[in-house]
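Text of data_6.cif, listed as mmCIF, C-alpha atoms:
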```cif
data_start
loop_
_atom_site.group_PDB
_atom_site.id
_atom_site.type_symbol
_atom_site.label_atom_id
_atom_site.label_comp_id
_atom_site.auth_asym_id
_atom_site.auth_seq_id
_atom_site.Cartn_x
_atom_site.Cartn_y
_atom_site.Cartn_z
ATOM 1 C CA MET A 1 98.240 95.941 165.914
ATOM 2 C CA ILE A 2 101.086 97.722 164.076
ATOM 3 C CA GLU A 3 98.867 98.218 160.989
ATOM 4 C CA LYS A 4 96.053 99.629 163.145
ATOM 5 C CA ARG A 5 98.413 102.070 164.873
ATOM 6 C CA LEU A 6 99.792 103.164 161.504
ATOM 7 C CA PHE A 7 96.287 103.738 160.178
ATOM 8 C CA LEU A 8 95.324 105.820 163.227
ATOM 9 C CA LEU A 9 98.500 107.871 162.770
ATOM 10 C CA LEU A 10 97.649 108.542 159.136
ATOM 11 C CA VAL A 11 94.129 109.620 160.113
ATOM 12 C CA PHE A 12 95.555 111.984 162.735
ATOM 13 C CA ILE A 13 97.990 113.488 160.239
ATOM 14 C CA THR A 14 95.231 113.974 157.671
ATOM 15 C CA CYS A 15 92.957 115.685 160.164
ATOM 16 C CA SER A 16 95.732 117.942 161.393
ATOM 17 C CA VAL A 17 96.609 119.349 157.978
ATOM 18 C CA SER A 18 93.099 119.725 156.601
ATOM 19 C CA ALA A 19 90.053 121.594 157.806
ATOM 20 C CA GLN A 20 86.388 121.383 156.925
ATOM 21 C CA ILE A 21 84.869 124.835 156.670
ATOM 22 C CA LYS A 22 81.125 125.158 157.160
ATOM 23 C CA GLY A 23 78.960 128.237 156.785
ATOM 24 C CA ILE A 24 76.038 129.903 155.087
ATOM 25 C CA VAL A 25 75.796 132.433 152.239
ATOM 26 C CA LYS A 26 73.195 135.212 152.557
ATOM 27 C CA ASP A 27 71.961 138.269 150.714
ATOM 28 C CA SER A 28 73.491 141.297 152.471
ATOM 29 C CA LEU A 29 70.242 143.292 152.264
ATOM 30 C CA THR A 30 67.453 140.768 152.790
ATOM 31 C CA GLY A 31 69.335 138.204 154.836
ATOM 32 C CA LYS A 32 67.840 135.441 152.693
ATOM 33 C CA PRO A 33 70.042 132.435 151.867
ATOM 34 C CA ILE A 34 71.573 132.284 148.389
ATOM 35 C CA PRO A 35 71.515 128.844 146.713
ATOM 36 C CA PHE A 36 74.010 127.371 144.224
ATOM 37 C CA VAL A 37 76.839 129.816 144.939
ATOM 38 C CA ASN A 38 80.159 128.803 143.383
ATOM 39 C CA ILE A 39 82.795 128.461 146.147
ATOM 40 C CA TRP A 40 86.510 127.909 145.562
ATOM 41 C CA VAL A 41 89.695 127.705 147.556
ATOM 42 C CA GLU A 42 91.780 130.447 145.952
ATOM 43 C CA ASN A 43 94.329 129.100 143.424
ATOM 44 C CA GLU A 44 93.449 125.476 144.196
ATOM 45 C CA ASN A 45 91.272 122.924 142.446
ATOM 46 C CA ILE A 46 89.035 122.545 145.481
ATOM 47 C CA GLY A 47 85.463 123.739 145.088
ATOM 48 C CA SER A 48 81.961 123.404 146.430
ATOM 49 C CA THR A 49 78.428 124.748 145.996
ATOM 50 C CA SER A 50 75.984 126.215 148.503
ATOM 51 C CA GLU A 51 72.821 124.199 149.091
ATOM 52 C CA GLU A 52 69.305 125.473 148.362
ATOM 53 C CA ASN A 53 69.162 126.784 151.950
ATOM 54 C CA GLY A 54 72.463 128.658 151.501
ATOM 55 C CA THR A 55 74.581 126.365 153.678
ATOM 56 C CA TYR A 56 77.894 125.033 152.412
ATOM 57 C CA GLN A 57 80.924 123.034 153.437
ATOM 58 C CA ILE A 58 84.338 122.805 151.835
ATOM 59 C CA ASN A 59 87.623 121.125 152.727
ATOM 60 C CA THR A 60 90.833 123.106 152.663
ATOM 61 C CA THR A 61 94.381 122.411 153.765
ATOM 62 C CA GLU A 62 94.365 125.258 156.287
ATOM 63 C CA LYS A 63 92.094 127.968 157.635
ATOM 64 C CA GLY A 64 94.562 130.621 156.497
ATOM 65 C CA LYS A 65 93.465 130.005 152.906
ATOM 66 C CA LYS A 66 91.068 132.359 151.137
ATOM 67 C CA LEU A 67 87.688 131.317 149.731
ATOM 68 C CA ILE A 68 86.101 132.849 146.631
ATOM 69 C CA PHE A 69 82.293 133.183 146.476
ATOM 70 C CA SER A 70 80.620 134.023 143.175
ATOM 71 C CA THR A 71 77.212 133.764 141.560
ATOM 72 C CA LEU A 72 75.250 135.786 139.029
ATOM 73 C CA GLY A 73 73.500 138.853 140.388
ATOM 74 C CA TYR A 74 75.999 139.344 143.240
ATOM 75 C CA GLU A 75 79.451 140.839 143.646
ATOM 76 C CA LYS A 76 82.275 138.316 143.926
ATOM 77 C CA LYS A 77 83.676 138.080 147.453
ATOM 78 C CA ILE A 78 87.084 136.815 148.622
ATOM 79 C CA ILE A 79 87.363 136.080 152.333
ATOM 80 C CA TYR A 80 89.610 134.101 154.668
ATOM 81 C CA ALA A 81 88.252 130.626 155.386
ATOM 82 C CA SER A 82 88.453 131.297 159.121
ATOM 83 C CA GLU A 83 85.983 134.195 158.699
ATOM 84 C CA ALA A 84 83.517 132.448 156.392
ATOM 85 C CA SER A 85 80.905 131.073 158.793
ATOM 86 C CA ILE A 86 78.412 133.724 157.586
ATOM 87 C CA VAL A 87 79.134 135.204 154.157
ATOM 88 C CA LYS A 88 77.037 138.138 152.950
ATOM 89 C CA LEU A 89 77.021 138.962 149.246
ATOM 90 C CA LYS A 90 76.004 142.322 147.809
ATOM 91 C CA THR A 91 73.666 142.458 144.846
ATOM 92 C CA THR A 92 75.097 144.056 141.747
ATOM 93 C CA SER A 93 73.506 145.974 138.927
ATOM 94 C CA TYR A 94 73.824 143.939 135.767
ATOM 95 C CA SER A 95 73.647 145.497 132.329
ATOM 96 C CA LEU A 96 73.928 143.578 129.095
ATOM 97 C CA ASN A 97 76.099 145.013 126.337
ATOM 98 C CA GLU A 98 73.371 144.759 123.723
ATOM 99 C CA VAL A 99 69.744 145.798 124.122
ATOM 100 C CA VAL A 100 67.564 143.544 121.991
ATOM 101 C CA ILE A 101 64.322 145.086 120.736
ATOM 102 C CA SER A 102 63.251 142.605 118.045
ATOM 103 C CA LYS A 103 62.136 139.095 118.955
ATOM 104 C CA SER A 104 62.634 135.698 117.411
ATOM 105 C CA ILE A 105 59.794 134.408 115.271
ATOM 106 C CA GLY A 106 61.214 130.875 115.204
ATOM 107 C CA THR A 107 60.130 129.819 111.712
ATOM 108 C CA LYS A 108 63.621 128.593 110.786
ATOM 109 C CA THR A 109 66.114 126.654 112.921
ATOM 110 C CA VAL A 110 69.635 125.254 112.612
ATOM 111 C CA GLU A 111 71.663 123.148 115.055
ATOM 112 C CA ILE A 112 75.363 123.931 115.439
ATOM 113 C CA GLY A 113 78.193 122.171 117.278
ATOM 114 C CA LYS A 114 77.566 118.596 116.087
ATOM 115 C CA TYR A 115 80.354 116.295 114.849
ATOM 116 C CA LYS A 116 80.423 113.760 112.029
ATOM 117 C CA ASN A 117 82.409 111.214 114.038
ATOM 118 C CA GLU A 118 81.456 111.195 117.706
ATOM 119 C CA MET A 119 83.025 109.054 120.434
ATOM 120 C CA TYR A 120 81.486 109.740 123.815
ATOM 121 C CA GLN A 121 83.225 109.518 127.171
ATOM 122 C CA ALA A 122 82.012 110.461 130.636
ATOM 123 C CA PHE A 123 84.193 112.035 133.319
ATOM 124 C CA ASP A 124 83.651 113.146 136.883
ATOM 125 C CA ASN A 125 84.956 116.634 136.182
ATOM 126 C CA GLY A 126 84.665 117.802 139.782
ATOM 127 C CA PRO A 127 83.715 121.376 140.658
ATOM 128 C CA LYS A 128 85.354 123.079 137.662
ATOM 129 C CA ILE A 129 83.491 124.706 134.755
ATOM 130 C CA ASP A 130 84.311 123.207 131.358
ATOM 131 C CA THR A 131 83.407 125.166 128.224
ATOM 132 C CA LYS A 132 82.864 124.717 124.506
ATOM 133 C CA PHE A 133 83.547 127.561 122.080
ATOM 134 C CA PHE A 134 81.143 128.413 119.237
ATOM 135 C CA PRO A 135 82.657 130.787 116.650
ATOM 136 C CA TYR A 136 80.398 133.234 114.848
ATOM 137 C CA LEU A 137 79.722 132.590 111.155
ATOM 138 C CA ALA A 138 78.219 135.024 108.664
ATOM 139 C CA SER A 139 75.478 132.505 107.888
ATOM 140 C CA TYR A 140 74.074 133.023 111.400
ATOM 141 C CA LYS A 141 72.585 136.346 110.283
ATOM 142 C CA LYS A 142 69.539 134.407 109.141
ATOM 143 C CA THR A 143 69.249 132.501 112.443
ATOM 144 C CA LYS A 144 70.725 134.929 114.953
ATOM 145 C CA TYR A 145 68.708 133.997 118.057
ATOM 146 C CA LEU A 146 69.631 131.353 120.654
ATOM 147 C CA LYS A 147 66.632 129.027 120.835
ATOM 148 C CA GLN A 148 67.892 125.968 122.731
ATOM 149 C CA VAL A 149 71.019 124.548 124.304
ATOM 150 C CA THR A 150 71.497 120.777 124.370
ATOM 151 C CA ILE A 151 73.829 118.811 126.623
ATOM 152 C CA TYR A 152 74.505 115.065 126.661
ATOM 153 C CA THR A 153 74.481 113.637 130.196
ATOM 154 C CA ASP A 154 74.715 110.374 132.107
ATOM 155 C CA SER A 155 72.993 110.329 135.497
ATOM 156 C CA ARG A 156 72.154 107.625 138.014
ATOM 157 C CA ILE A 157 69.665 109.688 139.998
ATOM 158 C CA GLU A 158 66.391 111.398 139.172
ATOM 159 C CA ASN A 159 66.227 115.172 138.880
ATOM 160 C CA ALA A 160 69.904 116.049 139.220
ATOM 161 C CA ASN A 161 70.662 119.759 138.946
ATOM 162 C CA ILE A 162 73.351 121.374 136.809
ATOM 163 C CA LYS A 163 74.162 125.006 136.020
ATOM 164 C CA ILE A 164 74.639 126.196 132.436
ATOM 165 C CA HIS A 165 76.668 129.298 131.564
ATOM 166 C CA LEU A 166 76.690 131.438 128.409
ATOM 167 C CA TYR A 167 79.695 133.753 128.023
ATOM 168 C CA GLU A 168 80.701 136.444 125.590
ATOM 169 C CA VAL A 169 84.334 136.520 124.463
ATOM 170 C CA ASP A 170 86.455 139.196 126.135
ATOM 171 C CA SER A 171 89.234 141.248 124.511
ATOM 172 C CA ASN A 172 91.824 138.576 125.376
ATOM 173 C CA GLY A 173 89.797 135.689 123.938
ATOM 174 C CA PHE A 174 88.768 134.362 127.356
ATOM 175 C CA PRO A 175 85.185 133.710 128.499
ATOM 176 C CA GLY A 176 83.956 137.148 129.570
ATOM 177 C CA GLN A 177 80.629 138.639 130.638
ATOM 178 C CA GLU A 178 77.746 136.228 131.025
ATOM 179 C CA LEU A 179 74.819 136.739 128.686
ATOM 180 C CA LEU A 180 72.289 135.991 131.425
ATOM 181 C CA ASP A 181 71.647 138.137 134.482
ATOM 182 C CA LYS A 182 70.728 135.225 136.764
ATOM 183 C CA ASP A 183 71.758 131.609 137.255
ATOM 184 C CA PHE A 184 70.436 129.105 134.713
ATOM 185 C CA VAL A 185 69.994 125.947 136.819
ATOM 186 C CA VAL A 186 68.362 123.048 134.957
ATOM 187 C CA THR A 187 67.195 119.534 135.838
ATOM 188 C CA VAL A 188 68.542 116.340 134.274
ATOM 189 C CA LYS A 189 66.652 113.056 134.336
ATOM 190 C CA ASN A 190 68.016 109.587 135.099
ATOM 191 C CA GLY A 191 69.876 107.696 132.356
ATOM 192 C CA THR A 192 72.044 108.581 129.375
ATOM 193 C CA ARG A 193 70.256 111.200 127.305
ATOM 194 C CA ILE A 194 70.403 114.366 125.275
ATOM 195 C CA ASN A 195 68.750 117.186 127.233
ATOM 196 C CA ARG A 196 67.249 120.235 125.501
ATOM 197 C CA PHE A 197 66.766 123.454 127.425
ATOM 198 C CA ASP A 198 64.792 126.401 126.105
ATOM 199 C CA LEU A 199 66.461 129.812 125.749
ATOM 200 C CA THR A 200 63.728 131.717 123.912
ATOM 201 C CA ASP A 201 62.507 133.620 126.984
ATOM 202 C CA PHE A 202 65.952 135.252 127.293
ATOM 203 C CA ASN A 203 65.731 136.681 123.749
ATOM 204 C CA LEU A 204 69.478 136.358 123.147
ATOM 205 C CA LYS A 205 71.347 137.049 119.921
ATOM 206 C CA PHE A 206 74.462 135.140 118.960
ATOM 207 C CA PRO A 207 77.423 137.475 119.756
ATOM 208 C CA LYS A 208 79.456 138.426 116.693
ATOM 209 C CA ASN A 209 82.757 137.681 118.430
ATOM 210 C CA GLY A 210 81.688 134.136 119.330
ATOM 211 C CA LEU A 211 80.199 132.397 122.333
ATOM 212 C CA PHE A 212 81.381 130.083 125.117
ATOM 213 C CA VAL A 213 78.866 127.619 126.565
ATOM 214 C CA GLY A 214 79.889 125.946 129.817
ATOM 215 C CA PHE A 215 78.437 123.721 132.493
ATOM 216 C CA GLU A 216 79.025 123.715 136.227
ATOM 217 C CA LYS A 217 78.543 120.610 138.323
ATOM 218 C CA LEU A 218 76.728 121.487 141.562
ATOM 219 C CA MET A 219 78.399 119.836 144.553
ATOM 220 C CA ILE A 220 75.199 119.619 146.614
ATOM 221 C CA GLU A 221 73.603 116.880 148.703
ATOM 222 C CA LYS A 222 70.769 116.392 146.207
ATOM 223 C CA ASN A 223 73.273 115.385 143.510
ATOM 224 C CA LYS A 224 75.425 113.160 145.752
ATOM 225 C CA VAL A 225 75.564 109.365 145.831
ATOM 226 C CA GLU A 226 77.679 107.641 148.478
ATOM 227 C CA LYS A 227 79.097 104.139 148.202
ATOM 228 C CA THR A 228 81.184 102.266 150.771
ATOM 229 C CA ILE A 229 84.224 100.500 149.281
ATOM 230 C CA THR A 230 86.344 98.039 151.252
ATOM 231 C CA ASP A 231 90.033 97.609 150.416
ATOM 232 C CA SER A 232 90.674 93.873 149.939
ATOM 233 C CA ASN A 233 94.265 94.195 151.196
ATOM 234 C CA THR A 234 93.768 96.284 154.351
ATOM 235 C CA ASN A 235 90.075 95.499 154.918
ATOM 236 C CA LEU A 236 89.537 99.204 155.553
ATOM 237 C CA ALA A 237 86.271 100.807 154.430
ATOM 238 C CA GLN A 238 86.158 104.128 152.605
ATOM 239 C CA VAL A 239 83.161 106.169 151.543
ATOM 240 C CA GLN A 240 83.246 107.155 147.883
ATOM 241 C CA LYS A 241 81.239 110.267 146.956
ATOM 242 C CA THR A 242 79.967 110.809 143.419
ATOM 243 C CA TYR A 243 78.100 113.866 142.195
ATOM 244 C CA PHE A 244 75.718 113.521 139.250
ATOM 245 C CA PRO A 245 75.061 114.154 136.460
ATOM 246 C CA PHE A 246 78.117 113.279 134.420
ATOM 247 C CA VAL A 247 78.467 115.155 131.146
ATOM 248 C CA LEU A 248 79.668 113.260 128.090
ATOM 249 C CA TYR A 249 82.704 114.474 126.146
ATOM 250 C CA ASN A 250 84.072 114.188 122.619
ATOM 251 C CA TYR A 251 87.787 113.809 121.909
ATOM 252 C CA VAL A 252 88.374 116.499 119.278
ATOM 253 C CA GLU A 253 91.060 118.734 117.792
ATOM 254 C CA ARG A 254 90.998 122.328 119.016
ATOM 255 C CA ASP A 255 93.202 125.423 119.276
ATOM 256 C CA PHE A 256 92.610 125.891 123.001
ATOM 257 C CA LEU A 257 90.633 124.843 126.055
ATOM 258 C CA TYR A 258 89.247 127.186 128.739
ATOM 259 C CA THR A 259 88.436 125.849 132.204
ATOM 260 C CA PHE A 260 87.332 127.701 135.334
ATOM 261 C CA SER A 261 89.012 126.412 138.518
ATOM 262 C CA GLY A 262 90.613 127.919 141.580
ATOM 263 C CA GLY A 263 88.355 130.941 141.154
ATOM 264 C CA LYS A 264 89.808 131.970 137.783
ATOM 265 C CA TRP A 265 89.862 131.079 134.087
ATOM 266 C CA ASN A 266 92.705 128.888 132.856
ATOM 267 C CA ARG A 267 93.741 128.587 129.196
ATOM 268 C CA GLN A 268 95.347 125.440 127.882
ATOM 269 C CA GLY A 269 97.094 125.624 124.523
ATOM 270 C CA ASN A 270 99.218 123.265 122.447
ATOM 271 C CA GLN A 271 102.488 122.489 124.267
ATOM 272 C CA ASN A 272 103.835 120.144 121.591
ATOM 273 C CA LYS A 273 106.674 121.954 119.848
ATOM 274 C CA ASN A 274 106.668 119.355 117.058
ATOM 275 C CA ASN A 275 103.076 120.232 116.119
ATOM 276 C CA ASP A 276 103.214 123.263 113.821
ATOM 277 C CA SER A 277 99.426 123.470 113.398
ATOM 278 C CA GLY A 278 98.999 124.856 116.903
ATOM 279 C CA LYS A 279 96.080 122.513 117.500
ATOM 280 C CA MET A 280 95.741 119.843 120.173
ATOM 281 C CA MET A 281 93.418 116.975 121.061
ATOM 282 C CA ILE A 282 91.089 117.720 123.991
ATOM 283 C CA ASN A 283 88.020 116.312 125.695
ATOM 284 C CA GLU A 284 85.219 118.769 124.934
ATOM 285 C CA PRO A 285 81.718 118.579 126.479
ATOM 286 C CA VAL A 286 78.990 117.416 124.094
ATOM 287 C CA ILE A 287 76.999 120.645 123.833
ATOM 288 C CA THR A 288 75.105 121.986 120.827
ATOM 289 C CA LEU A 289 73.061 125.109 120.150
ATOM 290 C CA ILE A 290 69.864 125.501 118.166
ATOM 291 C CA LEU A 291 69.528 128.880 116.493
ATOM 292 C CA SER A 292 66.375 130.427 115.053
ATOM 293 C CA ASN A 293 65.299 133.498 113.091
#
```

Go ahead and render the structure in this file as structure tokens.
Amino acid sequence: MIEKRLFLLLVFITCSVSAQIKGIVKDSLTGKPIPFVNIWVENENIGSTSEENGTYQINTTEKGKKLIFSTLGYEKKIIYASEASIVKLKTTSYSLNEVVISKSIGTKTVEIGKYKNEMYQAFDNGPKIDTKFFPYLASYKKTKYLKQVTIYTDSRIENANIKIHLYEVDSNGFPGQELLDKDFVVTVKNGTRINRFDLTDFNLKFPKNGLFVGFEKLMIEKNKVEKTITDSNTNLAQVQKTYFPFVLYNYVERDFLYTFSGGKWNRQGNQNKNNDSGKMMINEPVITLILSN
């Protein structure tokens, strides 16, 4: 009886300090729902994604927190969680820095971003956006167009959705303006596989200051698998939620790592004072690019 009372007390405490916010995201002009909107609790690693019908739900420690709503084609909006039952986003004019007139003829291709020694690991990276940096090389002049992006995934469901991002490098070296003017949501099949997604319709050139490629896990019902786990000591059941697909990672040496969480970009550098090279070992998503002429 004492254990049961203690458990009920813990449940009460948990419910009292946390709140589940539910709402819907709409276009401010048309009133139509906006799918796959990135939603974050400001300055916290708590995120979610709006469903295909625009509805969303997110847990936060208190309703006084602010939520950040962002997606391509719309202005970012920051609003108190207590006021977020109906969130209307304004469309934004989107202009790319470079106007491309010529088109790829695709007679020559090269794949970049592969490693000689690859050791794959899979992580449930949560709602954050992990990136991989591709520096520009002079040799890319002969294959300057982005033809395909590949990503290595592990999924236990059919037709899981994931969002891919392509970023220019800003003046501070961070991921900057996106190269696309709308969300690039792709479908991943069941199993462990290398997925290839076509970029030729976008007619993109490799930026001369480099390129960040990132992926965003969509925290939507379609991607969710629930499993009930019973604690052998307390005999209490808990529902474990997993969102697919998982992306595989390589453990590699890099100068930095950029991750989007809490509604902002975060840069991780080498903190080891005994390492004079400035490099560090990180888990980097297995992403490659295929370039063409």

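Residue nearest A:Val247 within the list A:Asp183, A:Asp154, A:Asp198, A:Asp231: A:Asp154 [criterion: smallest interatomic distance, all atoms listed in the file].
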
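The shortest atom-to-atom distance to A:Leu180, with only C-alpha atoms taken into account, belongs to A:Ile164 out of A:Ile164, A:Ile282, A:Leu236, A:Leu137.
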
Contacts between stretch 256-267 of chain A and stretch 186-237 of chain A, please, where a residue of stretch 186-237 of chain A counts if it comes within 10 Å (with only C-alpha atoms); show its shortest atom pair and distance in Å to one decimal, rows by chain and ascending number, as a Markdown table.
```
| residue | atom | partner | partner_atom | distance |
| --- | --- | --- | --- | --- |
| A:Phe212 | CA | A:Tyr258 | CA | 9.1 |
| A:Gly214 | CA | A:Thr259 | CA | 8.9 |
| A:Glu216 | CA | A:Phe260 | CA | 9.3 |
```

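Minimum atom-to-atom distances from A:Lys222, A:Lys114, A:Lys208, A:Arg196 to A:Lys144 were compared using all atoms listed in the file, and the lowest value belongs to A:Lys208.
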
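Checking A:Lys224, A:Lys279, A:Lys189, A:Lys66 one by one against A:Tyr80, counting all atoms listed in the file, you find the shortest gap at A:Lys66.
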
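The gap separating atom CA of A:Thr60 from atom CA of A:Val213 is 29.1 Å, in Å to one decimal.
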
Show which residues sit within 12 Å of A:His165, as a ChimeraX atom specification. Count all atoms listed in the file, and ignore same-chain residues fewer than 3 positions away. /A:71-72,129-133,149,151,162,168,175-186,199,211-217,260,287

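Using only C-alpha atoms, the shortest contact distance between A:Thr192 and any of A:Tyr120, A:Tyr136, A:Phe174, A:Phe206 is found at A:Tyr120.
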
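For the pair atom CA of A:Gln238 and atom CA of A:Glu226, the separation is 10.1 Å.
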
I need the residue set behind the PyMOL selection byres ((chain A and resi 159-161) around 7) for this file; please write it as a PDB file with C-alpha atoms, in the coordinates of the input.
```pdb
ATOM      1  CA  ILE A 157      69.665 109.688 139.998  1.00  0.00           C
ATOM      2  CA  GLU A 158      66.391 111.398 139.172  1.00  0.00           C
ATOM      3  CA  ILE A 162      73.351 121.374 136.809  1.00  0.00           C
ATOM      4  CA  LYS A 163      74.162 125.006 136.020  1.00  0.00           C
ATOM      5  CA  VAL A 185      69.994 125.947 136.819  1.00  0.00           C
ATOM      6  CA  VAL A 186      68.362 123.048 134.957  1.00  0.00           C
ATOM      7  CA  THR A 187      67.195 119.534 135.838  1.00  0.00           C
ATOM      8  CA  VAL A 188      68.542 116.340 134.274  1.00  0.00           C
ATOM      9  CA  LYS A 189      66.652 113.056 134.336  1.00  0.00           C
ATOM     10  CA  ASN A 190      68.016 109.587 135.099  1.00  0.00           C
ATOM     11  CA  LEU A 218      76.728 121.487 141.562  1.00  0.00           C
ATOM     12  CA  ASN A 223      73.273 115.385 143.510  1.00  0.00           C
ATOM     13  CA  PHE A 244      75.718 113.521 139.250  1.00  0.00           C
ATOM     14  CA  PRO A 245      75.061 114.154 136.460  1.00  0.00           C
TER      15      PRO A 245
END
```
